[in-house]
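Colleague: This is input11.txt, which holds compact mmCIF, C-alpha atoms (C1' of nucleotides):
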# COMPACT_ATOMS: atom_id res chain seq x y z
CA MET A 1 20.52 17.25 -10.46
CA THR A 2 19.86 14.19 -12.58
CA ASP A 3 22.02 11.92 -10.44
CA ALA A 4 18.87 10.54 -8.88
CA PHE A 5 17.70 9.49 -12.31
CA ALA A 6 21.00 7.86 -13.19
CA ASN A 7 20.93 5.97 -9.91
CA TYR A 8 17.45 4.81 -10.63
CA LEU A 9 18.40 3.58 -14.10
CA THR A 10 21.37 1.73 -12.66
CA GLN A 11 19.61 0.15 -9.76
CA LYS A 12 16.18 -0.61 -11.15
CA GLY A 13 17.14 -1.14 -14.75
CA SER A 14 20.76 -2.30 -14.63
CA LEU A 15 21.66 0.20 -17.33
CA THR A 16 25.35 0.51 -18.08
CA PRO A 17 27.09 3.90 -17.82
CA GLU A 18 27.11 4.04 -21.61
CA GLU A 19 23.38 3.37 -21.81
CA ILE A 20 22.72 5.97 -19.16
CA ARG A 21 24.65 8.51 -21.22
CA GLN A 22 22.40 7.66 -24.13
CA VAL A 23 19.29 8.20 -22.03
CA GLU A 24 20.63 11.44 -20.64
CA GLN A 25 20.96 12.88 -24.11
CA VAL A 26 17.21 12.96 -24.56
CA ILE A 27 16.02 14.14 -21.18
CA ILE A 28 15.13 17.67 -20.24
CA PRO A 29 15.43 18.77 -16.61
CA ARG A 30 12.65 21.06 -15.46
CA LYS A 31 11.67 22.85 -12.30
CA ILE A 32 8.00 22.99 -11.41
CA ARG A 33 6.77 25.45 -8.81
CA ARG A 34 4.14 24.59 -6.25
CA TYR A 35 0.62 24.94 -7.71
CA GLN A 36 2.04 24.96 -11.24
CA TYR A 37 0.26 22.81 -13.81
CA LEU A 38 2.21 20.29 -15.82
CA LEU A 39 -0.82 19.09 -17.77
CA GLN A 40 -4.42 20.10 -18.24
CA PRO A 41 -7.42 18.29 -19.70
CA GLY A 42 -7.53 18.31 -23.49
CA GLU A 43 -3.77 18.29 -23.89
CA VAL A 44 -2.00 15.18 -25.06
CA SER A 45 0.63 14.00 -22.61
CA ASN A 46 3.61 13.84 -24.94
CA TYR A 47 6.16 13.09 -22.28
CA ILE A 48 6.81 11.14 -19.17
CA GLY A 49 8.54 12.75 -16.25
CA PHE A 50 10.73 11.26 -13.58
CA VAL A 51 10.54 12.98 -10.22
CA VAL A 52 13.98 13.94 -8.98
CA LYS A 53 12.64 16.01 -6.11
CA GLY A 54 9.24 17.07 -4.90
CA CYS A 55 5.69 15.89 -5.02
CA LEU A 56 2.98 16.02 -7.68
CA ARG A 57 -0.50 14.74 -8.23
CA GLN A 58 -2.73 13.72 -11.12
CA PHE A 59 -6.43 14.44 -10.65
CA ARG A 60 -9.69 14.83 -12.49
CA ILE A 61 -12.54 17.22 -11.82
CA SER A 62 -16.04 15.79 -11.87
CA GLU A 63 -19.15 17.53 -13.18
CA ASN A 64 -20.00 18.92 -9.77
CA GLY A 65 -16.57 20.51 -9.51
CA GLN A 66 -14.94 18.10 -7.10
CA GLU A 67 -11.32 17.06 -7.42
CA HIS A 68 -10.53 13.35 -7.49
CA ILE A 69 -6.92 12.36 -7.14
CA MET A 70 -5.88 9.49 -9.38
CA ARG A 71 -2.23 9.32 -8.44
CA PHE A 72 0.57 10.91 -6.48
CA ALA A 73 4.21 11.02 -7.50
CA ILE A 74 7.25 11.64 -5.34
CA GLU A 75 11.00 11.14 -5.69
CA ASN A 76 11.92 8.22 -7.95
CA TRP A 77 8.40 7.81 -9.29
CA TRP A 78 7.33 8.50 -12.82
CA VAL A 79 4.71 11.14 -13.47
CA SER A 80 2.51 11.47 -16.53
CA ASP A 81 -0.99 10.83 -17.67
CA PHE A 82 0.06 7.38 -18.85
CA GLU A 83 -3.33 6.83 -20.41
CA SER A 84 -2.86 9.81 -22.70
CA PHE A 85 0.85 9.12 -23.11
CA LEU A 86 0.24 5.58 -24.33
CA SER A 87 -2.86 6.21 -26.40
CA GLY A 88 -2.03 9.61 -27.85
CA GLN A 89 -5.53 10.73 -26.91
CA PRO A 90 -6.25 14.00 -25.09
CA SER A 91 -5.97 13.75 -21.34
CA LYS A 92 -8.89 13.97 -18.93
CA SER A 93 -6.61 14.93 -16.08
CA TYR A 94 -4.71 17.73 -14.50
CA ILE A 95 -1.21 17.25 -13.18
CA ASP A 96 0.16 19.82 -10.77
CA ALA A 97 2.88 20.16 -8.19
CA LEU A 98 2.16 20.03 -4.47
CA GLU A 99 5.67 21.20 -3.67
CA ASP A 100 8.39 22.94 -5.63
CA SER A 101 9.68 20.03 -7.67
CA GLU A 102 12.37 18.97 -10.06
CA ILE A 103 11.69 16.46 -12.77
CA VAL A 104 13.37 15.15 -15.87
CA MET A 105 11.16 14.86 -18.90
CA MET A 106 11.38 12.55 -21.86
CA GLU A 107 9.35 12.93 -25.04
CA LYS A 108 7.37 10.01 -26.33
CA GLN A 109 9.32 9.72 -29.56
CA ASN A 110 12.58 9.43 -27.63
CA TYR A 111 11.00 7.04 -25.17
CA ASP A 112 9.98 4.80 -28.06
CA ILE A 113 13.46 4.91 -29.53
CA LEU A 114 15.11 4.05 -26.21
CA ILE A 115 12.78 1.09 -25.79
CA GLN A 116 13.79 -0.18 -29.18
CA THR A 117 17.50 0.37 -28.80
CA ILE A 118 18.22 -0.38 -25.14
CA PRO A 119 16.92 -3.79 -24.04
CA ASN A 120 17.57 -2.92 -20.41
CA PHE A 121 15.42 0.16 -20.77
CA LYS A 122 12.70 -1.88 -22.38
CA SER A 123 12.69 -4.40 -19.58
CA LEU A 124 12.65 -1.60 -17.03
CA ILE A 125 9.51 -0.25 -18.67
CA ASP A 126 8.02 -3.73 -18.82
CA LYS A 127 8.58 -4.06 -15.09
CA LEU A 128 6.94 -0.69 -14.60
CA THR A 129 3.94 -1.75 -16.66
CA THR A 130 3.56 -4.91 -14.63
CA LYS A 131 3.88 -2.95 -11.42
CA ASN A 132 1.26 -0.48 -12.60
CA PHE A 133 -1.06 -3.36 -13.34
CA GLU A 134 -0.60 -4.72 -9.85
CA VAL A 135 -1.18 -1.34 -8.27
CA HIS A 136 -4.36 -0.83 -10.24
CA GLN A 137 -5.69 -4.25 -9.32
CA ALA A 138 -4.89 -3.71 -5.68
CA ARG A 139 -6.64 -0.35 -5.63
CA ILE A 140 -9.72 -1.68 -7.41
CA TYR A 141 -9.88 -4.61 -5.04
CA SER A 142 -9.55 -2.27 -2.10
CA ASN A 143 -12.27 -0.01 -3.44
CA ILE A 144 -14.80 -2.76 -4.01
CA SER A 145 -14.08 -4.87 -0.95
CA GLU A 146 -12.91 -2.74 1.96
CA SER A 147 -14.39 -0.27 4.43
CA ALA A 148 -13.16 3.30 4.66
CA GLU A 149 -11.11 2.39 7.70
CA ASP A 150 -9.39 -0.56 6.03
CA ARG A 151 -8.71 1.44 2.89
CA TYR A 152 -7.01 4.14 4.93
CA ASN A 153 -5.00 1.68 6.97
CA ASN A 154 -3.80 -0.06 3.86
CA PHE A 155 -2.92 3.28 2.34
CA ILE A 156 -0.67 4.31 5.20
CA ILE A 157 1.03 0.93 5.10
CA SER A 158 1.50 1.00 1.32
CA TYR A 159 2.38 4.67 1.00
CA PRO A 160 3.71 5.93 4.33
CA SER A 161 5.86 8.56 2.64
CA ILE A 162 2.89 10.00 0.75
CA ASN A 163 0.76 10.04 3.86
CA GLN A 164 3.38 12.11 5.64
CA ARG A 165 3.72 14.70 2.92
CA VAL A 166 0.27 15.25 1.60
CA PRO A 167 -2.63 17.04 3.32
CA LEU A 168 -5.26 14.75 4.72
CA HIS A 169 -7.98 16.04 2.45
CA MET A 170 -5.98 14.87 -0.55
CA VAL A 171 -5.54 11.42 0.91
CA ALA A 172 -9.31 11.43 1.38
CA SER A 173 -9.79 12.37 -2.25
CA PHE A 174 -7.44 9.61 -3.37
CA LEU A 175 -9.38 7.09 -1.30
CA GLY A 176 -12.79 8.33 -2.37
CA LEU A 177 -13.83 9.66 1.03
CA SER A 178 -14.85 13.05 2.36
CA ARG A 179 -12.18 14.76 4.45
CA GLU A 180 -14.53 14.74 7.45
CA THR A 181 -14.97 11.00 7.24
CA LEU A 182 -11.23 10.45 6.95
CA SER A 183 -10.64 12.74 9.89
CA ARG A 184 -13.03 10.65 11.98
CA VAL A 185 -11.54 7.37 10.78
CA ARG A 186 -8.13 8.56 11.81
CA LYS A 187 -9.41 9.59 15.22
CA GLN A 188 -10.95 6.15 15.74
CA ASP A 189 -7.65 4.56 14.76
CA SER A 190 -5.59 6.63 17.17
CA ARG A 191 -8.00 5.73 19.97
CA LYS A 192 -7.57 2.02 19.17
CA ASN A 193 -3.80 2.28 19.12
CA THR A 194 -3.58 3.83 22.58
CA ASP A 195 -5.74 1.13 24.20
CA MET B 1 -13.77 -23.41 -33.66
CA THR B 2 -10.88 -21.02 -33.69
CA ASP B 3 -12.24 -18.96 -36.55
CA ALA B 4 -13.33 -16.36 -34.06
CA PHE B 5 -9.71 -16.02 -32.96
CA ALA B 6 -8.44 -15.74 -36.52
CA ASN B 7 -11.03 -13.07 -37.24
CA TYR B 8 -9.96 -11.19 -34.17
CA LEU B 9 -6.30 -11.31 -35.17
CA THR B 10 -7.14 -10.12 -38.66
CA GLN B 11 -9.45 -7.31 -37.65
CA LYS B 12 -7.89 -6.01 -34.47
CA GLY B 13 -4.28 -6.82 -35.24
CA SER B 14 -4.09 -6.79 -39.05
CA LEU B 15 -2.23 -10.09 -38.98
CA THR B 16 -1.65 -11.68 -42.36
CA PRO B 17 -2.89 -15.23 -43.09
CA GLU B 18 0.69 -16.42 -42.79
CA GLU B 19 1.11 -14.76 -39.41
CA ILE B 20 -2.16 -16.21 -38.24
CA ARG B 21 -0.96 -19.67 -39.19
CA GLN B 22 2.10 -19.04 -37.07
CA VAL B 23 -0.03 -18.04 -34.12
CA GLU B 24 -2.33 -21.00 -34.55
CA GLN B 25 0.60 -23.39 -34.20
CA VAL B 26 1.04 -22.47 -30.56
CA ILE B 27 -2.53 -22.26 -29.34
CA ILE B 28 -4.46 -24.95 -27.57
CA PRO B 29 -8.25 -25.04 -27.82
CA ARG B 30 -9.99 -25.96 -24.60
CA LYS B 31 -13.52 -26.44 -23.41
CA ILE B 32 -14.37 -25.24 -19.93
CA ARG B 33 -17.56 -26.39 -18.25
CA ARG B 34 -19.72 -24.12 -16.19
CA TYR B 35 -18.39 -23.82 -12.61
CA GLN B 36 -15.04 -25.25 -13.68
CA TYR B 37 -11.95 -23.48 -12.38
CA LEU B 38 -9.32 -22.31 -14.79
CA LEU B 39 -7.10 -20.86 -12.09
CA GLN B 40 -6.90 -20.87 -8.32
CA PRO B 41 -4.96 -18.74 -5.86
CA GLY B 42 -1.35 -19.78 -5.45
CA GLU B 43 -0.99 -20.99 -9.02
CA VAL B 44 1.02 -18.99 -11.52
CA SER B 45 -1.01 -18.00 -14.55
CA ASN B 46 1.25 -19.38 -17.27
CA TYR B 47 -1.10 -18.72 -20.13
CA ILE B 48 -3.52 -16.25 -21.55
CA GLY B 49 -6.81 -17.41 -22.96
CA PHE B 50 -8.93 -15.94 -25.69
CA VAL B 51 -12.65 -16.51 -25.27
CA VAL B 52 -14.15 -18.04 -28.41
CA LYS B 53 -17.48 -18.73 -26.75
CA GLY B 54 -18.90 -18.38 -23.29
CA CYS B 55 -18.40 -16.28 -20.21
CA LEU B 56 -15.87 -16.36 -17.38
CA ARG B 57 -14.94 -14.32 -14.37
CA GLN B 58 -11.88 -13.52 -12.29
CA PHE B 59 -12.51 -12.97 -8.60
CA ARG B 60 -10.84 -12.89 -5.22
CA ILE B 61 -12.15 -14.05 -1.89
CA SER B 62 -11.68 -11.73 1.06
CA GLU B 63 -10.92 -12.75 4.63
CA ASN B 64 -14.59 -12.82 5.56
CA GLY B 65 -15.32 -15.20 2.71
CA GLN B 66 -16.93 -12.78 0.28
CA GLU B 67 -16.33 -13.02 -3.45
CA HIS B 68 -15.18 -9.88 -5.24
CA ILE B 69 -15.26 -9.94 -9.01
CA MET B 70 -12.28 -8.26 -10.62
CA ARG B 71 -13.17 -8.90 -14.25
CA PHE B 72 -15.53 -10.63 -16.63
CA ALA B 73 -14.62 -12.09 -19.99
CA ILE B 74 -16.89 -12.97 -22.89
CA GLU B 75 -16.44 -13.69 -26.59
CA ASN B 76 -13.44 -11.93 -28.13
CA TRP B 77 -12.02 -10.89 -24.77
CA TRP B 78 -8.84 -12.22 -23.28
CA VAL B 79 -8.94 -14.03 -19.98
CA SER B 80 -6.10 -14.54 -17.54
CA ASP B 81 -4.80 -13.24 -14.29
CA PHE B 82 -2.67 -10.74 -16.17
CA GLU B 83 -0.99 -9.68 -12.97
CA SER B 84 0.32 -13.18 -12.40
CA PHE B 85 0.89 -13.76 -16.12
CA LEU B 86 3.09 -10.68 -16.43
CA SER B 87 4.91 -10.93 -13.12
CA GLY B 88 5.31 -14.69 -12.85
CA GLN B 89 4.11 -14.42 -9.25
CA PRO B 90 1.42 -16.67 -7.78
CA SER B 91 -2.09 -15.48 -8.41
CA LYS B 92 -4.43 -14.13 -5.74
CA SER B 93 -7.46 -14.89 -7.86
CA TYR B 94 -9.81 -17.57 -9.01
CA ILE B 95 -10.94 -17.79 -12.58
CA ASP B 96 -14.00 -19.86 -13.36
CA ALA B 97 -16.60 -20.25 -16.08
CA LEU B 98 -20.10 -18.86 -15.70
CA GLU B 99 -21.24 -20.75 -18.80
CA ASP B 100 -19.89 -23.70 -20.75
CA SER B 101 -17.12 -21.98 -22.65
CA GLU B 102 -14.54 -22.47 -25.35
CA ILE B 103 -11.22 -20.73 -25.19
CA VAL B 104 -7.89 -20.91 -26.93
CA MET B 105 -4.90 -20.85 -24.67
CA MET B 106 -1.39 -19.64 -25.29
CA GLU B 107 1.55 -20.28 -23.02
CA LYS B 108 3.66 -17.40 -21.85
CA GLN B 109 6.80 -18.60 -23.54
CA ASN B 110 5.01 -18.75 -26.89
CA TYR B 111 3.37 -15.41 -26.25
CA ASP B 112 6.80 -13.89 -25.67
CA ILE B 113 8.14 -15.43 -28.88
CA LEU B 114 5.21 -14.18 -30.94
CA ILE B 115 5.67 -10.68 -29.59
CA GLN B 116 9.29 -10.77 -30.65
CA THR B 117 8.71 -12.25 -34.08
CA ILE B 118 5.43 -10.73 -35.27
CA PRO B 119 5.38 -6.93 -35.06
CA ASN B 120 1.64 -6.89 -35.72
CA PHE B 121 1.11 -9.18 -32.77
CA LYS B 122 3.28 -6.98 -30.63
CA SER B 123 1.33 -3.88 -31.54
CA LEU B 124 -1.93 -5.70 -30.90
CA ILE B 125 -0.73 -6.49 -27.40
CA ASP B 126 0.46 -2.93 -26.95
CA LYS B 127 -3.04 -1.73 -27.85
CA LEU B 128 -4.46 -4.18 -25.36
CA THR B 129 -2.15 -2.93 -22.64
CA THR B 130 -3.16 0.65 -23.31
CA LYS B 131 -6.81 -0.32 -23.31
CA ASN B 132 -6.38 -2.14 -20.02
CA PHE B 133 -4.80 0.95 -18.55
CA GLU B 134 -7.76 3.06 -19.65
CA VAL B 135 -10.25 0.58 -18.25
CA HIS B 136 -8.47 0.49 -14.92
CA GLN B 137 -8.35 4.27 -14.69
CA ALA B 138 -12.01 4.57 -15.57
CA ARG B 139 -13.00 2.03 -12.97
CA ILE B 140 -10.90 3.63 -10.25
CA TYR B 141 -12.30 7.03 -11.10
CA SER B 142 -15.81 5.63 -11.00
CA ASN B 143 -15.16 3.97 -7.66
CA ILE B 144 -13.81 7.07 -5.96
CA SER B 145 -16.13 9.65 -7.48
CA GLU B 146 -19.54 8.19 -8.27
CA SER B 147 -22.61 7.05 -6.38
CA ALA B 148 -23.90 3.50 -6.57
CA GLU B 149 -26.53 4.58 -9.05
CA ASP B 150 -24.08 6.29 -11.37
CA ARG B 151 -21.67 3.39 -11.20
CA TYR B 152 -24.41 1.00 -12.22
CA ASN B 153 -25.65 3.24 -15.02
CA ASN B 154 -22.14 3.59 -16.40
CA PHE B 155 -21.69 -0.14 -16.16
CA ILE B 156 -24.74 -0.95 -18.25
CA ILE B 157 -23.67 1.60 -20.83
CA SER B 158 -20.08 0.35 -20.95
CA TYR B 159 -20.86 -3.36 -20.71
CA PRO B 160 -24.43 -3.98 -21.90
CA SER B 161 -23.62 -7.50 -23.06
CA ILE B 162 -22.20 -8.45 -19.67
CA ASN B 163 -25.17 -7.00 -17.85
CA GLN B 164 -27.51 -9.17 -19.89
CA ARG B 165 -25.65 -12.39 -19.28
CA VAL B 166 -24.52 -12.24 -15.74
CA PRO B 167 -26.63 -12.52 -12.58
CA LEU B 168 -27.31 -9.27 -10.82
CA HIS B 169 -25.47 -10.27 -7.68
CA MET B 170 -22.28 -10.64 -9.71
CA VAL B 171 -22.67 -7.22 -11.21
CA ALA B 172 -23.10 -5.97 -7.65
CA SER B 173 -19.90 -7.72 -6.63
CA PHE B 174 -18.04 -6.20 -9.58
CA LEU B 175 -19.28 -2.74 -8.63
CA GLY B 176 -18.59 -3.15 -4.92
CA LEU B 177 -22.23 -3.08 -3.82
CA SER B 178 -24.46 -5.50 -1.98
CA ARG B 179 -26.97 -7.26 -4.20
CA GLU B 180 -29.83 -5.74 -2.21
CA THR B 181 -28.55 -2.25 -2.92
CA LEU B 182 -28.15 -2.98 -6.60
CA SER B 183 -31.63 -4.44 -6.74
CA ARG B 184 -33.03 -1.24 -5.27
CA VAL B 185 -30.94 0.99 -7.52
CA ARG B 186 -32.26 -0.84 -10.53
CA LYS B 187 -35.83 -0.44 -9.31
CA GLN B 188 -35.33 3.30 -8.86
CA ASP B 189 -33.93 3.48 -12.37
CA SER B 190 -36.82 1.65 -13.98
CA ARG B 191 -39.25 3.98 -12.21
CA LYS B 192 -37.42 6.99 -13.62
CA ASN B 193 -37.41 5.58 -17.12
CA THR B 194 -41.16 5.05 -17.20
CA ASP B 195 -41.98 8.61 -16.08
C1' DC C 1 -42.56 -31.28 -8.93
C1' DG C 2 -38.74 -30.22 -5.78
C1' DA C 3 -34.32 -28.19 -5.30
C1' DT C 4 -31.45 -24.64 -6.19
C1' DT C 5 -30.21 -20.20 -7.49
C1' DC C 6 -31.39 -15.60 -7.99
C1' DT C 7 -34.03 -11.44 -6.89
C1' DT C 8 -36.88 -8.55 -4.22
C1' DT C 9 -38.71 -6.40 -0.09
C1' DG C 10 -39.02 -4.45 4.64
C1' DA C 11 -37.11 -2.83 8.85
C1' DA C 12 -33.30 -1.65 11.58
C1' DA C 13 -28.58 -0.44 12.09
C1' DA C 14 -24.22 1.09 10.47
C1' DC C 15 -21.83 4.03 7.66
C1' DA C 16 -20.63 8.11 5.10
C1' DG C 17 -21.67 12.75 3.40
C1' DT C 18 -23.07 17.62 4.10
C1' DC C 19 -23.26 21.92 6.37
C1' DA C 20 -21.70 25.10 9.61
C1' DA C 21 -18.75 26.39 13.12
C1' DT C 22 -14.50 26.19 15.45
C1' DC C 23 -9.75 25.16 16.10
C1' DT C 24 -4.78 24.83 14.77
C1' DG C 25 -0.68 25.89 12.68
C1' DT C 26 1.94 28.64 9.33
C1' DG C 27 3.52 32.39 7.11
C1' DT C 28 3.18 37.35 5.64
C1' DG C 29 2.94 42.16 6.00
C1' DG C 30 2.72 46.05 8.92
C1' DC D 1 7.07 40.94 17.14
C1' DC D 2 2.32 41.02 16.66
C1' DA D 3 -1.94 40.73 14.13
C1' DC D 4 -4.06 38.84 10.54
C1' DA D 5 -5.13 35.87 6.78
C1' DC D 6 -5.15 31.45 5.01
C1' DA D 7 -5.02 26.61 4.47
C1' DG D 8 -5.93 22.59 6.75
C1' DA D 9 -8.14 19.71 10.35
C1' DT D 10 -11.67 18.76 13.57
C1' DT D 11 -16.23 18.51 15.64
C1' DG D 12 -21.34 18.31 16.18
C1' DA D 13 -25.80 17.83 14.37
C1' DC D 14 -28.26 16.31 10.74
C1' DT D 15 -29.32 13.95 6.41
C1' DG D 16 -28.88 10.57 3.17
C1' DT D 17 -27.01 6.22 1.55
C1' DT D 18 -25.72 1.52 1.99
C1' DT D 19 -25.45 -2.70 4.53
C1' DT D 20 -27.31 -6.33 7.16
C1' DC D 21 -30.61 -9.65 8.46
C1' DA D 22 -34.63 -12.16 7.68
C1' DA D 23 -38.17 -13.55 4.87
C1' DA D 24 -40.57 -14.29 0.82
C1' DG D 25 -41.12 -14.30 -4.17
C1' DA D 26 -39.46 -15.56 -9.12
C1' DA D 27 -37.02 -18.23 -12.24
C1' DT D 28 -34.48 -22.16 -13.81
C1' DC D 29 -33.04 -26.92 -14.08
C1' DG D 30 -33.08 -31.68 -13.56
As structure tokens, please, write out the structure in this file.
Modeller:
Amino acid sequence: MTDAFANYLTQKGSLTPEEIRQVEQVIIPRKIRRYQYLLQPGEVSNYIGFVVKGCLRQFRISENGQEHIMRFAIENWWVSDFESFLSGQPSKSYIDALEDSEIVMMEKQNYDILIQTIPNFKSLIDKLTTKNFEVHQARIYSNISESAEDRYNNFIISYPSINQRVPLHMVASFLGLSRETLSRVRKQDSRKNTD
Amino acid sequence: MTDAFANYLTQKGSLTPEEIRQVEQVIIPRKIRRYQYLLQPGEVSNYIGFVVKGCLRQFRISENGQEHIMRFAIENWWVSDFESFLSGQPSKSYIDALEDSEIVMMEKQNYDILIQTIPNFKSLIDKLTTKNFEVHQARIYSNISESAEDRYNNFIISYPSINQRVPLHMVASFLGLSRETLSRVRKQDSRKNTD
DNA sequence: CGATTCTTTGAAAACAGTCAATCTGTGTGG
DNA sequence: CCACACAGATTGACTGTTTTCAAAGAATCG
């Protein structure tokens, strides 16, 4: 079950078998059913999860009741409200599962200890932080500079696997578009590609 | 000149006078004239700067030649292309000064040493990283969920000092709007406020 | 004062959202 | 196996928002 996690730690973090054993002592495997919440607003996100199998999303609900998807997570991605996880402040987000999923969870106190005791784990997290920064910048740049069509096209290039698995109206929500608009954008695109 | 930096380190990072002396050994004060570039695309951002006085911006230029402002920096803010600084990859951004400015610069290698040797400095940077994460999330959420008017109103609440100092067309660029639209939004707003 | 930068305005066009209806595919219960 | 319900996707007509283009009006600086 947690082989995927061990592989990840080996490949992305160069952890030794001994270090992986140490990490595995503090993780908790969990199954999450489709539609099940992992986090709700007001709770503090005391853990990070690593997705072994499945698909989840983090979203907020605006005053008028609309859902706005901040982030997806599939196999080999981390899932958490990192904002709440890092700051210790209550979350503003929901996290739920879009498919029956399996994750391994790690509590913040153990996470902090591992960072202090396993340099390879620390540098893995540093890489993750840098990557997150890049992803955020890219998304902000896309949001302020690109048309709906370009944003969608970049999305399917950057996240083809998400695009395949997730309903279109959620992709629209992630991109900040109405589902109707995204549906029309996609139609335009397919017309162009068959020319 | 660098008193502002020492104050910042004391107040935000609880550094002791001795620790501050240690930091001050590796910083380089620099004056940047208005319109002067601090960074251009392709360069690696090998330093972070702390703004003692003045105002700067980080922006990218899109294929059609438009400027898109990623970030402003004024007194007591850090300035850098953090993406490039953290990853060591070439930057995609320009940084330039909007006013004659004074900054103190720190090279990455010294930054790394200070993080390792001064726990207070490390936790200051950790706070900064968390704060950055929050700011990114807030901006993304704003971009995908709010109207032009709401985005602008949130901007002037969140960054009143920037709004006062920076030309309207740059605020528009930061928000992902045309200057004409922002001009009209602002007019609408002022009408509402005088009712 | 003249030059430059910044802001505003109007009119038209492009773009995106809303509402309502229909269509499609999937899965469940009878 | 069929009928039905349900979630998701599409379409059309309409409305509202934002951009674009062009011009003119402030403000600032040397």
Colleague: As a PyMOL selection string, could you give me every residue of chain A near chain B (at most 6 Å apart, counting only C-alpha atoms)?
Modeller: chain A and resi 83+134+144+176
Colleague: Residues of chain D that have any atom at most 8 Å from an atom of chain A: could you tabulate them with the shortest-distance atom pair and the distance in Å to one decimal, using all atoms listed in the file, ordered by chain and increasing number, as CSV?
Modeller:
residue,atom,partner,partner_atom,distance
D:DG8,C1',A:Pro167,CA,7.3
D:DA9,C1',A:Ser183,CA,7.4
D:DT10,C1',A:Ser183,CA,7.1
Colleague: Limited to C-alpha atoms (C1' of nucleotides), could you put the picked residues into a file as a short mmCIF file (atom, residue, chain, number, x, y, z; two decimals), in the coordinates of the input?
Modeller:
data_model
loop_
_atom_site.label_atom_id
_atom_site.label_comp_id
_atom_site.auth_asym_id
_atom_site.auth_seq_id
_atom_site.Cartn_x
_atom_site.Cartn_y
_atom_site.Cartn_z
"C1'" DG D 8 -5.93 22.59 6.75
"C1'" DA D 9 -8.14 19.71 10.35
"C1'" DT D 10 -11.67 18.76 13.57
#
Colleague: Per residue of chain C within 12 Å of chain B, which atom pair is closest and at what distance in Å (one decimal), using only C-alpha atoms (C1' of nucleotides), listed by chain and increasing number, as CSV?
Modeller:
residue,atom,partner,partner_atom,distance
C:DT5,C1',B:Pro167,CA,9.9
C:DC6,C1',B:Pro167,CA,7.3
C:DT7,C1',B:Ser183,CA,7.4
C:DT8,C1',B:Ser183,CA,7.1
C:DT9,C1',B:Glu180,CA,9.2
C:DG10,C1',B:Glu180,CA,11.5
C:DA16,C1',B:Ser147,CA,11.7
C:DG17,C1',B:Ser147,CA,11.4
Colleague: Quick one: residues within 7 Å of stretch 113-124 of chain B, all atoms listed in the file counted, chain neighbours fewer than 3 positions away excluded, as a list in words?
Modeller: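 Result of the neighbour search: Lys12, Gly13, Ser14, Leu15, Gln109, Asn110, Lys127 and Leu128 of chain B.
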Colleague: For the point (-3.1, -26.6, -28.6) in the file's frame, write as a ChimeraX atom specification all residues with an atom no more than 12 Å away, counting only C-alpha atoms (C1' of nucleotides).
Modeller: /B:2,23-31,47,49,103-107,110
Colleague: For C:DG2, find every residue with an atom within 12 Å (counting only C-alpha atoms (C1' of nucleotides)), except residues of its own chain fewer than 2 positions away, and show them as a PyMOL selection string.
Modeller: (chain C and resi 4) or (chain D and resi 29-30)
Colleague: Can you list, as number ranges by chain, every protein, DNA or RNA residue that comes within 8 Å of stretch 17-22 of chain D when you count all atoms listed in the file, leaving out same-chain residues fewer than 4 positions away?
Modeller: B: 178, 181; C: 13-16
Colleague: Reconstruct N, CA and C atoms of stretch 18-27 of chain B from the incomplete input and present them as a PDB file, in the coordinates of the input.
Modeller:
ATOM      1  N   GLU B  18      -0.525 -15.710 -43.167  1.00  0.00           N
ATOM      2  CA  GLU B  18       0.690 -16.420 -42.790  1.00  0.00           C
ATOM      3  C   GLU B  18       1.004 -16.239 -41.299  1.00  0.00           C
ATOM      4  N   GLU B  19       0.850 -15.030 -40.833  1.00  0.00           N
ATOM      5  CA  GLU B  19       1.110 -14.760 -39.410  1.00  0.00           C
ATOM      6  C   GLU B  19       0.097 -15.492 -38.529  1.00  0.00           C
ATOM      7  N   ILE B  20      -1.131 -15.513 -39.009  1.00  0.00           N
ATOM      8  CA  ILE B  20      -2.160 -16.210 -38.240  1.00  0.00           C
ATOM      9  C   ILE B  20      -1.843 -17.698 -38.141  1.00  0.00           C
ATOM     10  N   ARG B  21      -1.353 -18.260 -39.238  1.00  0.00           N
ATOM     11  CA  ARG B  21      -0.960 -19.670 -39.190  1.00  0.00           C
ATOM     12  C   ARG B  21       0.120 -19.904 -38.129  1.00  0.00           C
ATOM     13  N   GLN B  22       1.022 -18.944 -38.061  1.00  0.00           N
ATOM     14  CA  GLN B  22       2.100 -19.040 -37.070  1.00  0.00           C
ATOM     15  C   GLN B  22       1.531 -19.000 -35.643  1.00  0.00           C
ATOM     16  N   VAL B  23       0.584 -18.117 -35.445  1.00  0.00           N
ATOM     17  CA  VAL B  23      -0.030 -18.040 -34.120  1.00  0.00           C
ATOM     18  C   VAL B  23      -0.767 -19.328 -33.798  1.00  0.00           C
ATOM     19  N   GLU B  24      -1.475 -19.831 -34.798  1.00  0.00           N
ATOM     20  CA  GLU B  24      -2.330 -21.000 -34.550  1.00  0.00           C
ATOM     21  C   GLU B  24      -1.525 -22.258 -34.208  1.00  0.00           C
ATOM     22  N   GLN B  25      -0.232 -22.229 -34.546  1.00  0.00           N
ATOM     23  CA  GLN B  25       0.600 -23.390 -34.200  1.00  0.00           C
ATOM     24  C   GLN B  25       0.847 -23.508 -32.705  1.00  0.00           C
ATOM     25  N   VAL B  26       0.688 -22.421 -31.997  1.00  0.00           N
ATOM     26  CA  VAL B  26       1.040 -22.470 -30.560  1.00  0.00           C
ATOM     27  C   VAL B  26      -0.176 -22.326 -29.654  1.00  0.00           C
ATOM     28  N   ILE B  27      -1.363 -22.388 -30.208  1.00  0.00           N
ATOM     29  CA  ILE B  27      -2.530 -22.260 -29.340  1.00  0.00           C
ATOM     30  C   ILE B  27      -3.199 -23.611 -29.124  1.00  0.00           C
TER      31      ILE B  27
END
